[in-house]
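**Student:** One structure is given below, represented as structure tokens, and several questions about it will come after.
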Amino acid sequence: MLRIALDVPLRRLYDYLPPDGVAVAGLRPGVRVEVPFGPRTLIGVLVEVAAGSSLPTSRLRAARAVLDVEPALDPVTFDLVRWAADYYHHPPGEALAAALPILLRTGRSLLARETYWQWRADAATAATGTRLGARQKAVAIRLDAGPLSASALAELGDGARAAMKGFAQKGWVESCEVEPDAAPPPRGDAAPGPVLTGAQAEAVAAIGAGLGTFAPFLLHGVTGSGKTEVYLRSIAEVLKRGEQALVLVPEIALTPQAVSRFAARFPVPLAVLHSGLTDSERLDMWRLARSGAAPIVIGTRSAVFVPLARPGIIVVDEEHDASYKQQEGFRYSARDLAVLRGQRHGIPVVLGSATPSLETLQQADVGRYRRLRLPERAGAAVTPRTAIVDLRLHEERQGIATPSVLAMQRHLAAGGQVLLYLNRRGYAPLLFCPTCSWAAPCSACDARMTVHMKRSRLICHHCGMQEPVPYACPQCGAELRPVGQGTERVEDALDEFFPGVPVVRIDRDTIQSRGEIEAALERVHSGEARILVGTQMLTKGHDFPDVTLVVVLNADQGLFGSDFRASERLAQSIVQVAGRAGRASRPGEVLVQTACPEHPLLTRLLREGYDGYASAALEERAAAGWPPFSRLALLRAEAASREAALGFLEAARARAAGPAGDSVRLLGPVAAAMERRAGRFRAQLLLESASRAALHRLLGSWLPELDLLPEARGVRWSIDVDPLETS
């Protein structure tokens with residue numbers, strides 16, 4: 001009997017009889033199986049071969065086909081996905097589906113296949129007696145020499161495919177698909193890199209000594225200290241051992257830069273995986289990684305599940321980044337799973353960051369991770385000078401204070417580039433009527449519409465609803481005024497302040513399709529663009545050698561957030577964006593605009609740096625009993641009415657109160673910080689415990705009951721284990 005995981009939102013496996021003529025003895029967990037499911041046909045993954053079923057054999061249906069000879073995922077990765085489904089309390093079929101390229105979920109071959117054409121019997125003679133065009137003759141000559149592959153046909157140029165199609169219509173040729181022999185990956189010495197600093201050399205030596213064993217490292221280096229060079233040197237040693245490296249980066253915007261750095265150093269194929277690929281491209285890259293033909297695999301979050309033929313090291317760059325936590329569906333942390341995967345493979349894992357997460361720092365403090373420090377910038381670069389611009393004392397125009405404008409003039413005159421950081425896209429966050437106080441609302445959310453002036457649209461950044469910008473107030477007819485600044489408005493202001501100076505804006509509005517981030521970065525690196533303005537996309541690991549001034553336009557955005565991680569995220573953003581200044585030989589300067597210059601977070605950051613902030617923040621977390629000193633899970637619910645969402649959570653809390661005992665605290669239910677979103681009302685119930693085991697025991701027995709609650713009808717609910725946000 002086959003126990004199958006199907007891509008359906010139910011926390012269970014499904015029992016099937018084997019297909020006719022298939023011996024179960026040779027089947028291994030991880031192969032894909034085509035099965036009937038109601039009126040549909042689904043492709044699932046075999047989890048185990050069981051001796052029996054809780055259902056009588058007469059009620060079991062037979063699977064239709066076993067699609068693979070060997071498992072799609074190697075045993076370690078397969079077990080990792082199953083463990084993750086249990087830990088995050090997610091349906092196992094959805095978890096396994098998330099680990100596979102979408103084309104494999106629809107039945108595409110596990111292995112790469114190539115199409116070959118050859119003459120049918122006596123067809124070559126018939127073709128010889130027929131008048132052929134030049135392209136047809138070229139194809140016929142190649143067919144005379146033997147079977148012709150699709151790739152060789154493409155080399156014959158335009159018209160060759162049409163000629164082959166004509167031969168097929170005449171019945172002269174036949175085609176077949178074969179699996180090409182797996183060629184060994186090309187070997188070659190890595191290109192030489194720069195001379196290492198003492199700290200870099202020590203880090204490379206420590207990681208090298210850990211090859212072949214599980215060794216978790218925190219590579220804690222200030223911005224510009226050369227963490228990437230440590231990755232490159234360590235991976236060079238891995239490749240010498242004939243093994244593969246998996247490198248995770250937080251988002252697509254960093255992928256082109258990472259690929260170019262690795263391609264310039266290593267003469268080997270790279271497998272690159274991210275959400276910007278087509279389905280076919282993603283499958284091709286997945287196959288390269290799985291077969292071992294690509295010694296280096298670079299990818300975003302989901303690449304943590306990519307199978308490797310010969311794993312040797314895992315690198316998680318910018319490990320603190322929130323992008324590593326999946327926020328919808330299967331809510332896993334790629335960073336945490338990378339560490340667990342390294343442990344199961346018995347290989348080192350390197351977590352790199354200038355601003356490590358407090359969870360990772362605590363793991364280093366207690367000795368679970370070995371901390372490798374890079375305290376100084378590489379080469380001639382020095383730490384930039386940082387100063388506060390007090391917005392209470394200085395006039396600002398379009399969000400840019402006078403001292404910032406003067407500093408920009410000075411740096412531009414000296415030949416430097418300038419970066420302005422504002423984590424708010426659009427023209428203005430509010431369209432306001434000063435006469436009657438009307439503010440453009442989103443009709444589907446408890447939010448205000450953001451003004452996008454160039455598109456003449458109001459857009460809700462929470463649900464995506466759009467409408468034209470009104471010419472006058474719909475309530476009183478008065479003139480409307482955009483209030484506040486977004487990156488689009490700052491860009492317009494820069495055109496006014498610095499006419500003729502090229503500006504490039506990098507945010508989600510300007511970077512929407514493939515190639516746009518590369519084009520924007522090329523304008524920066526070539527020197528064409530002198531001023532950069534953008535959102536968090538600019539803070540994540542980019543190297544801008546000519547940027548000598550960074551201005552943080554509105555540091556107050558994150559000072560008073562309701563989430564307990566708000567201060568951590570703000571500190572990381574400020575330190576990361578400040579690190580873009582002065583990374584080459586010229587000194588850098590950082591200006592932080594704020595109306596709260598005495599705020600403890602800002603004063604500590606300026607006085608003691610990120611280490612000082614993190615030390616104090618960990619003490620506060622320990623005193624309050626928040627992560628990493630406790631474990632959280634968040635039960636979220638949404639429904640068409642407030643009463644339905646809260647009623648479901650109240651019923652869920654009542655079911656949990658008994659099993660929870662004193663070891664798990666239940667906080668709520670309460671409405672979400674933004675209660676109404678996309679026309680649905682949202683609420684949440686927070687579970688907190690000092691014991692991970694106690695929390696998961698409760699979740700394991702409690703969650704299966706929730707769908708059975710009468711209050712669950714009409715409610716969508718989800719569980720988020722180790723949530724990044726609790727507001």
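By convention here, the chains of the structure tokens are called A, B, ... in the order presented, each chain's residues are numbered starting at 1, and ligands are numbered starting at 1 in the order presented.
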Kindly provide the residues of region 14-73 of chain A that approach region 282-298 of chain A to within 12 Å, each paired with its closest atom pair and their distance in Å to one decimal, based on only C-alpha atoms, listed by chain and increasing number, as a tab-separated table.

**Tutor:**
residue	atom	partner	partner_atom	distance
A:Pro71	CA	A:Arg290	CA	11.0
A:Ala72	CA	A:Arg290	CA	8.8
A:Leu73	CA	A:Arg290	CA	8.3

**Student:** So that I have them on file, write out the residues from the current selection with N, CA and C atoms, as an mmCIF file, in the first residue's frame.

**Tutor:**
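Written out: again_4.cif:
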data_model
loop_
_atom_site.group_PDB
_atom_site.id
_atom_site.type_symbol
_atom_site.label_atom_id
_atom_site.label_comp_id
_atom_site.auth_asym_id
_atom_site.auth_seq_id
_atom_site.Cartn_x
_atom_site.Cartn_y
_atom_site.Cartn_z
ATOM 1 N N PRO A 71 14.056 8.805 -6.682
ATOM 2 C CA PRO A 71 13.364 9.917 -6.022
ATOM 3 C C PRO A 71 13.748 11.274 -6.591
ATOM 4 N N ALA A 72 12.784 12.192 -6.571
ATOM 5 C CA ALA A 72 13.049 13.552 -7.035
ATOM 6 C C ALA A 72 13.986 14.281 -6.085
ATOM 7 N N LEU A 73 13.846 14.004 -4.784
ATOM 8 C CA LEU A 73 14.682 14.641 -3.766
ATOM 9 C C LEU A 73 15.567 13.590 -3.123
#

**Student:** Do you know which residues are at most 10 Å from Glu376 (chain A) counting only C-alpha atoms, after dropping those on the same chain fewer than 4 positions away, and could you put them as a ChimeraX atom specification?

**Tutor:** /A:197,199-200,221-226,381-383

**Student:** Which polymer residues have any atom within 8 Å of an atom of Val551 (chain A), counting only C-alpha atoms, with same-chain residues fewer than 6 positions away left out, as a list in words?

**Tutor:** Ser404, Val418, Leu419, Leu420, Tyr421, Val590, Leu591, Val592 and Gln593 of chain A

**Student:** Write to file, as a short mmCIF file (atom, residue, chain, number, x, y, z; two decimals), in the first residue's frame, the residues of the selection just made, with C-alpha atoms.

**Tutor:**
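See part.cif below for the written result:
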data_model
loop_
_atom_site.label_atom_id
_atom_site.label_comp_id
_atom_site.auth_asym_id
_atom_site.auth_seq_id
_atom_site.Cartn_x
_atom_site.Cartn_y
_atom_site.Cartn_z
CA SER A 404 21.60 67.40 3.70
CA VAL A 418 25.05 60.32 -3.29
CA LEU A 419 22.47 57.82 -2.00
CA LEU A 420 19.16 58.90 -0.43
CA TYR A 421 17.24 56.23 1.48
CA VAL A 590 26.23 59.41 6.64
CA LEU A 591 23.47 61.83 7.66
CA VAL A 592 20.43 60.58 9.56
CA GLN A 593 17.46 62.94 9.46
#

**Student:** Could you state the separation of CA of Ala50 (chain A) and CA of Met1 (chain A) in Å, given to one decimal place?

**Tutor:** 5.3 Å

**Student:** Can you tell me which residues surround Leu361 (chain A) at a distance of at most 12 Å, considering only C-alpha atoms, apart from same-chain residues fewer than 5 positions away, and format the answer as a list in words?

**Tutor:**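 Near neighbours after the sequence-gap exclusion: Phe217, Leu218, Leu219, His220, Glu319, His320, Leu351, Gly352, Ser353, Ala354, Thr355, Pro356, Val366, Gly367, Arg368, Tyr369, Arg370, Arg371, Leu372, Tyr610, Asp611, Tyr613, Ala614, Ser615, Ala617, Leu618, Pro627 and Pro628 of chain A.
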
**Student:** Mind writing the picked residues with C-alpha atoms as a CSV table (one decimal), in the first residue's frame?

**Tutor:**
chain,number,residue,atom,x,y,z
A,217,PHE,CA,29.6,29.9,11.6
A,218,LEU,CA,28.4,33.4,12.1
A,219,LEU,CA,30.5,35.6,9.8
A,220,HIS,CA,29.9,38.9,11.5
A,319,GLU,CA,21.1,36.1,7.1
A,320,HIS,CA,19.2,38.7,9.1
A,351,LEU,CA,25.6,32.8,8.1
A,352,GLY,CA,26.9,36.2,7.0
A,353,SER,CA,25.8,39.7,8.0
A,354,ALA,CA,26.9,43.1,9.2
A,355,THR,CA,23.7,43.3,11.3
A,356,PRO,CA,23.0,39.7,12.5
A,366,VAL,CA,25.7,30.5,23.9
A,367,GLY,CA,28.3,28.8,21.8
A,368,ARG,CA,26.1,27.0,19.3
A,369,TYR,CA,27.5,29.0,16.4
A,370,ARG,CA,31.2,30.0,16.1
A,371,ARG,CA,31.5,33.8,15.5
A,372,LEU,CA,34.0,34.9,13.0
A,610,TYR,CA,25.1,47.8,16.0
A,611,ASP,CA,26.9,45.6,18.6
A,613,TYR,CA,22.4,48.2,20.2
A,614,ALA,CA,22.1,44.4,19.9
A,615,SER,CA,23.6,43.8,23.4
A,617,ALA,CA,18.2,44.7,22.8
A,618,LEU,CA,19.0,41.2,23.9
A,627,PRO,CA,12.3,35.6,21.3
A,628,PRO,CA,15.0,34.4,21.2

**Student:** For Cys476 (chain A), please output as a count of residues only all residues within 9 Å (counting only C-alpha atoms; exclusion window: fewer than 6 positions along the same chain).

**Tutor:** 4

**Student:** With distances taken over only C-alpha atoms, which residue among A:Val577, A:Ile347, A:Val31, A:Ala138 lies nearest Glu155 (chain A)?

**Tutor:**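 Among the listed residues, A:Ala138 lies closest to Glu155 (chain A).
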
**Student:** Could you give me, as a count of residues only, the residues within 9 Å of Leu67 (chain A), counting only C-alpha atoms and dropping anything in the same chain fewer than 5 positions from it?

**Tutor:** 8

**Student:** Based on the backbone DSSP call, show me all residues of region 427-523 of chain A assigned alpha helix (DSSP H), as a ChimeraX atom specification.

**Tutor:** /A:487-497,516-523

**Student:** Go through A:Leu100, A:Val49, A:Leu649, A:Ala190 and flag the residue nearest Ala303 (chain A), using only C-alpha atoms for the distances.

**Tutor:**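 When distances to Ala303 (chain A) are compared using only C-alpha atoms, the smallest one comes from A:Leu100.
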
**Student:** With only C-alpha atoms as the basis for distance, which of A:Arg135, A:Arg583, A:Arg59, A:Arg142 is at the shortest distance from Arg161 (chain A)?

**Tutor:**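 Residue with the minimum atom-to-atom distance to Arg161 (chain A): A:Arg135.
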
**Student:** How many Å lie between CA of Ala712 (chain A) and CA of Asp7 (chain A), rounded to one decimal?

**Tutor:**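 Here the two named atoms are 21.6 Å from each other.
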
**Student:** Quick one: residues within 10 Å of Thr41 (chain A), only C-alpha atoms, excluding same-chain residues fewer than 5 positions away - as a PDB file with C-alpha atoms, in the first residue's frame?

**Tutor:**
ATOM      1  CA  GLU A  34      -0.017   9.917 -10.500  1.00  0.00           C
ATOM      2  CA  VAL A  35      -3.252   9.159  -8.643  1.00  0.00           C
ATOM      3  CA  PRO A  36      -7.013   9.689  -8.990  1.00  0.00           C
ATOM      4  CA  ALA A  63      -2.538   4.721  -8.340  1.00  0.00           C
ATOM      5  CA  ARG A  64      -2.346   5.233 -12.087  1.00  0.00           C
TER       6      ARG A  64
END

**Student:** Smallest atom-to-atom distance to Pro600 (chain A): which of A:Asp86, A:Thr510, A:Ala264, A:Ala571, using only C-alpha atoms?

**Tutor:** A:Ala571
